[in-house]
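**Q** To start, I am sharing the structure in question, which I have written as structure tokens.
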Amino acid sequence: MSMVHQVYPVAADDFTRAGEASADIKRRLKQLGVSSAVLRRVAVASYEVELNLVIHSDGGELTLNVDQDGVHLISKDVGPGIPDIDQAMREGYSTANEEARSMGFGAGMGLPNMKRNADQFAIESQVGKGTTIEMTFKLA
Amino acid sequence: MSEVKRFHSVRLDKDLCKGCTNCLMHCPTEAIRVHDGRAHIIDERCIDCGECIRVCGYHAKIVETDSLSDIKKFKYSIALPAPSLYAQFRNLKDIGYVLSGLKKIGFDDVFEVARAADIVSRAIHEKLRDPNLPKPLISSACPTVVRLIQVRFPDLIPNICDIRQPMEVAADIARKEFCQKTGCAPEDVGVFFITPCPAKMTAIRSPIGQQKSCVDGAISMMEIYRALRPYVAKMQNEEDLHGESSHYGVGWASSNGESKVVCPDDSLSVDGIHNCIRVLEEIENDKFSDLVFFEGNACVGGCVGGPLVYENNYVAKNNIRKLVSAIKAKENINPVESVPVSVMNKYPLYMDAPIEPNPVMKLDDDIQVAMQKMERMNQLIDELPGYDCGSCGSPTCRAFAEDIVRGYFTETACIHKLRKQLKVMAQQMVDLAKTSSYEEKKE
């Protein structure tokens, strides 16, 4: 069975390259012929998750897997971890710093937007260790 | 493909093409390849933006339009001047000089596209009141931007405004009014758009969102300018015709002209095809959550920057600015308030066919096969130098890898790879020469 597997390293605070991984993901899904409706949801979620890595993490990587079942996005970072996930999932809650806010981020919609757009959403975090987010988008 | 060949107004003059890489590198949809010493346009990908016309130093990219002599094919002819036509004349005191001149050069009647822009402005403004509209609503005025969305952003098709472009509305009204006035049959009337760009010509022959175009043909603004200039220079309104559109309608000639009237507060207007791509990528990511209206113009400066205009786009933009303030000083009318509802109900303003996606970037119809092809592409990209030099005939190394998996090219077309192979072969020959052969041993 064929599948697509692509790993994108994402550096913390690197706003000049922010968005490149999600742009490449979008381009690939269009080449694969993924339907417009699914593509749009992946576009939004992958952009949010990539920006989260840039703004909040100490660096990490974003992985794209596509197989028969669907599109899978996995974001893994090396810290700092989220102390209270329930609070972080709440709309409007954000810990973005001044710099990120001045650039128009930090509306506190990142995680809720991901959850809303993905068919399956899982988040796991350990303070001091890092955060992993897994999202699945069904193809049909 | 079983589909009928699409009409394109952008063509290649085979004799003039040198096979260089200028057009190849600038095409926003990667629709050009160079092989056998000349450029080839991939029909399904071309969006008739005219970038290749601008960058070709050999003038090998041409536009197929109608000519002024074609108006004689009809018993009567009506000119539809795009407002960008007014921008070709410096210090134009009276739009009437242009309208009058158009009659002098052979048209029986003239109808300003800016007048239709006024009606369309009100229709879009009304539409924007609907709270259930997808946001942002994307302007459908620039046919190249609509085609770009079909090819590269099919998921944004639901956001495209389904109101017909002013050119179409103008043609419909012009013909009906003329027939009513003269009592002649509609088929005896040829309605010709004076076009600043190839995309409008294509929009007439292969309409998007419409079963059939109301326009019979398009004549290049450059050709009309040449014929019209002596009459406009006389500064006499011999036919006693007057501009009837608002300053807003005339303002549609430049970028932001449409936004300024339909949604002045929460709109974004972007000009230049590559800039449009950048912003559409961000719209796709939902980056502008509060954006209500998006106006994209493929040409820098808007329609005044079209590939078929005479005047420099910055000068033209300035000419429009001056004309707009002159009209505004005389009569400050806002079409979103003044266009009567009766007028809006009288003519069909909405598209009558769906806008279909044109996903030409897809590697294969079967996703399994597409995934295999993508895997192969990844391997190929790793082996290619990444110079994006265009010598192979594809615009980038990535596009080249894509062309190989699509079966358009073979790997040997990469001159850098070939050189590497030759180096290895040369070394192998030297090594071979050093070893004694079977014959030598025998001696």
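By convention in this document, the chains of the structure tokens carry letters A, B, ... by their order, each chain's residues are numbered from 1, and ligands are numbered from 1 in the order they are shown.
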Determine, for each residue of range 96-189 of chain B having at least one atom at most 10 Å from an atom of range 38-42 of chain A, the closest pair of atoms and their separation in Å to one decimal, counting only C-alpha atoms; order by chain and ascending number, as a Markdown table.

**A**
| residue | atom | partner | partner_atom | distance |
| --- | --- | --- | --- | --- |
| B:Phe153 | CA | A:Arg40 | CA | 9.5 |
| B:Pro154 | CA | A:Leu39 | CA | 9.5 |
| B:Asp155 | CA | A:Arg40 | CA | 6.2 |
| B:Leu156 | CA | A:Arg40 | CA | 8.4 |

**Q** Mind checking which residues fall within 10 Å of Asp403 in chain B, counting only C-alpha atoms, ignoring those fewer than 3 positions away in the same chain, and posting them as a PDB file with C-alpha atoms, in the first residue's frame?

**A**
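Result written to result-v2.pdb:
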ATOM      1  CA  ARG B  33       7.429  24.109 -21.154  1.00  0.00           C
ATOM      2  CA  LEU B 363      -0.939  13.908 -10.429  1.00  0.00           C
ATOM      3  CA  MET B 377       8.936  12.757  -7.420  1.00  0.00           C
ATOM      4  CA  GLY B 393      12.457  23.007 -20.296  1.00  0.00           C
ATOM      5  CA  SER B 394      10.560  22.921 -16.982  1.00  0.00           C
ATOM      6  CA  CYS B 397      13.586  21.227 -10.578  1.00  0.00           C
ATOM      7  CA  ARG B 398      10.417  20.316  -8.712  1.00  0.00           C
ATOM      8  CA  ALA B 399       8.292  20.912 -11.818  1.00  0.00           C
ATOM      9  CA  PHE B 400      10.805  18.852 -13.795  1.00  0.00           C
ATOM     10  CA  ARG B 406       3.753  12.595 -15.722  1.00  0.00           C
ATOM     11  CA  GLY B 407       5.776  11.209 -18.624  1.00  0.00           C
ATOM     12  CA  TYR B 408       6.441  14.533 -20.370  1.00  0.00           C
ATOM     13  CA  PHE B 409      10.229  14.440 -20.014  1.00  0.00           C
ATOM     14  CA  THR B 410      13.017  11.965 -19.300  1.00  0.00           C
ATOM     15  CA  GLU B 411      15.762  12.484 -16.732  1.00  0.00           C
TER      16      GLU B 411
END

**Q** As a CSV table (one decimal) with C-alpha atoms, in the first residue's frame, could you give me every residue of chain B near chain A (at most 10 Å apart, counting only C-alpha atoms)?

**A**
chain,number,residue,atom,x,y,z
B,152,ARG,CA,-4.8,26.6,-7.9
B,153,PHE,CA,-7.4,27.2,-5.3
B,154,PRO,CA,-10.5,25.1,-6.2
B,155,ASP,CA,-11.5,25.1,-2.5
B,156,LEU,CA,-12.2,28.8,-2.7
B,157,ILE,CA,-14.7,28.5,-5.6
B,281,GLU,CA,-2.9,31.2,0.0
B,282,GLU,CA,-3.5,33.1,3.2
B,283,ILE,CA,-7.3,33.3,2.6
B,284,GLU,CA,-7.2,29.5,2.2
B,285,ASN,CA,-5.6,29.3,5.7
B,286,ASP,CA,-8.4,31.4,7.1
B,287,LYS,CA,-5.8,34.0,8.1
B,288,PHE,CA,-8.2,37.0,7.6
B,357,PRO,CA,-12.8,23.4,-10.4
B,359,PRO,CA,-7.6,20.8,-10.7
B,360,VAL,CA,-4.8,20.4,-13.2
B,361,MET,CA,-2.2,20.1,-10.5
B,362,LYS,CA,-3.5,16.6,-9.6
B,363,LEU,CA,-0.9,13.9,-10.4
B,364,ASP,CA,-3.5,11.2,-11.1
B,365,ASP,CA,-7.2,10.5,-10.8
B,366,ASP,CA,-6.5,7.5,-8.6
B,367,ILE,CA,-5.1,8.7,-5.3
B,368,GLN,CA,-3.1,5.5,-4.9
B,369,VAL,CA,-1.3,6.1,-8.2
B,370,ALA,CA,-0.9,9.8,-7.3
B,371,MET,CA,0.8,8.8,-4.0
B,372,GLN,CA,3.2,6.5,-5.9
B,373,LYS,CA,4.0,9.3,-8.3
B,374,MET,CA,4.6,11.7,-5.5
B,375,GLU,CA,7.0,9.2,-3.9
B,378,ASN,CA,10.5,13.0,-4.0
B,402,GLU,CA,6.7,16.3,-11.8

**Q** Restricting the calculation to only C-alpha atoms: of B:Lys93, B:Arg226, B:Arg147, B:Arg6, which residue gets closest to Asn358 in chain B?

**A**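 For Asn358 in chain B, the nearest of the candidates is B:Arg147.
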
**Q** Within chain A, find each residue whose DSSP state, derived from the backbone, is strand (DSSP E), and express the selection as a VMD selection string.

**A** chain A and resid 4 to 10 60 to 66 70 to 77 120 to 126 130 to 138

**Q** Find the residues near Asn312 in chain B: any atom within 12 Å, counting only C-alpha atoms, skip ones fewer than 6 places away on the same chain, and give them as number ranges by chain.

**A** B: 84, 87-90, 300-301, 303-306, 318-319

**Q** Give me, as a PyMOL selection string, all polymer residues having an atom no more than 9 Å from Ala82 in chain B, counting only C-alpha atoms and skipping those fewer than 3 positions away in the same chain.

**A** chain B and resi 85-86+112-114+167+193-196+221+250+253+303

**Q** Output as a list in words all residues of range 70-132 of chain A that backbone DSSP marks as alpha helix (DSSP H).

**A**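 Reading the DSSP output for range 70-132 of chain A, alpha helix (DSSP H) covers Ile85, Asp86, Gln87, Ala88, Met89, Glu98, Glu99, Ala100, Arg101, Ser102, Gly110, Leu111, Pro112, Asn113, Met114, Lys115, Arg116 and Asn117 of chain A.
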
**Q** Using only C-alpha atoms, which residue out of B:Ser139, B:Val55, B:Met25, B:Ile149 lies closest to Val270 in chain B?

**A** B:Ser139

**Q** Please provide as a PyMOL selection string all residues within 9 Å of range 8-17 of chain B, with the sequence filter that same-chain residues fewer than 3 positions apart are discarded (counting only C-alpha atoms).

**A** chain B and resi 20+37-41+43+46-50+52-53+56+58-65+198-202+205-206

**Q** Find the residues near Leu73 in chain A: any atom within 7 Å, counting only C-alpha atoms, skip ones fewer than 6 places away on the same chain, and give them as a count of residues only.

**A** 6

**Q** So, counting only C-alpha atoms, which residue among B:Ile95, B:Ala329, B:Leu432, B:Cys389 is closest to Asn22 in chain B?

**A**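 Ranked by minimum distance to Asn22 in chain B, first place goes to B:Cys389.
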
**Q** Using only C-alpha atoms, which residue out of B:His274, B:Asn91, B:Pro264, B:His125 lies closest to His26 in chain B?

**A** B:His274

**Q** Closest to Met109 in chain A among B:Ser289, B:Ser69, B:Gln165, B:Ser220, using only C-alpha atoms?

**A**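 Of B:Ser289, B:Ser69, B:Gln165, B:Ser220, the one nearest Met109 in chain A, counting only C-alpha atoms, is B:Ser289.
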
**Q** In Å to one decimal, how far is CA of Ile273 in chain B from CA of Pro28 in chain B?

**A**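 Taking CA of Pro28 in chain B as the start and CA of Ile273 in chain B as the end point, the length is 7.3 Å.
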
**Q** Report as a PyMOL selection string all protein, DNA and RNA residues lying within 12 Å of Met103 in chain A, evaluated on only C-alpha atoms, omitting residues in the same chain fewer than 3 positions from it.

**A** (chain A and resi 13+15+51+55+96-100+106-107) or (chain B and resi 287)
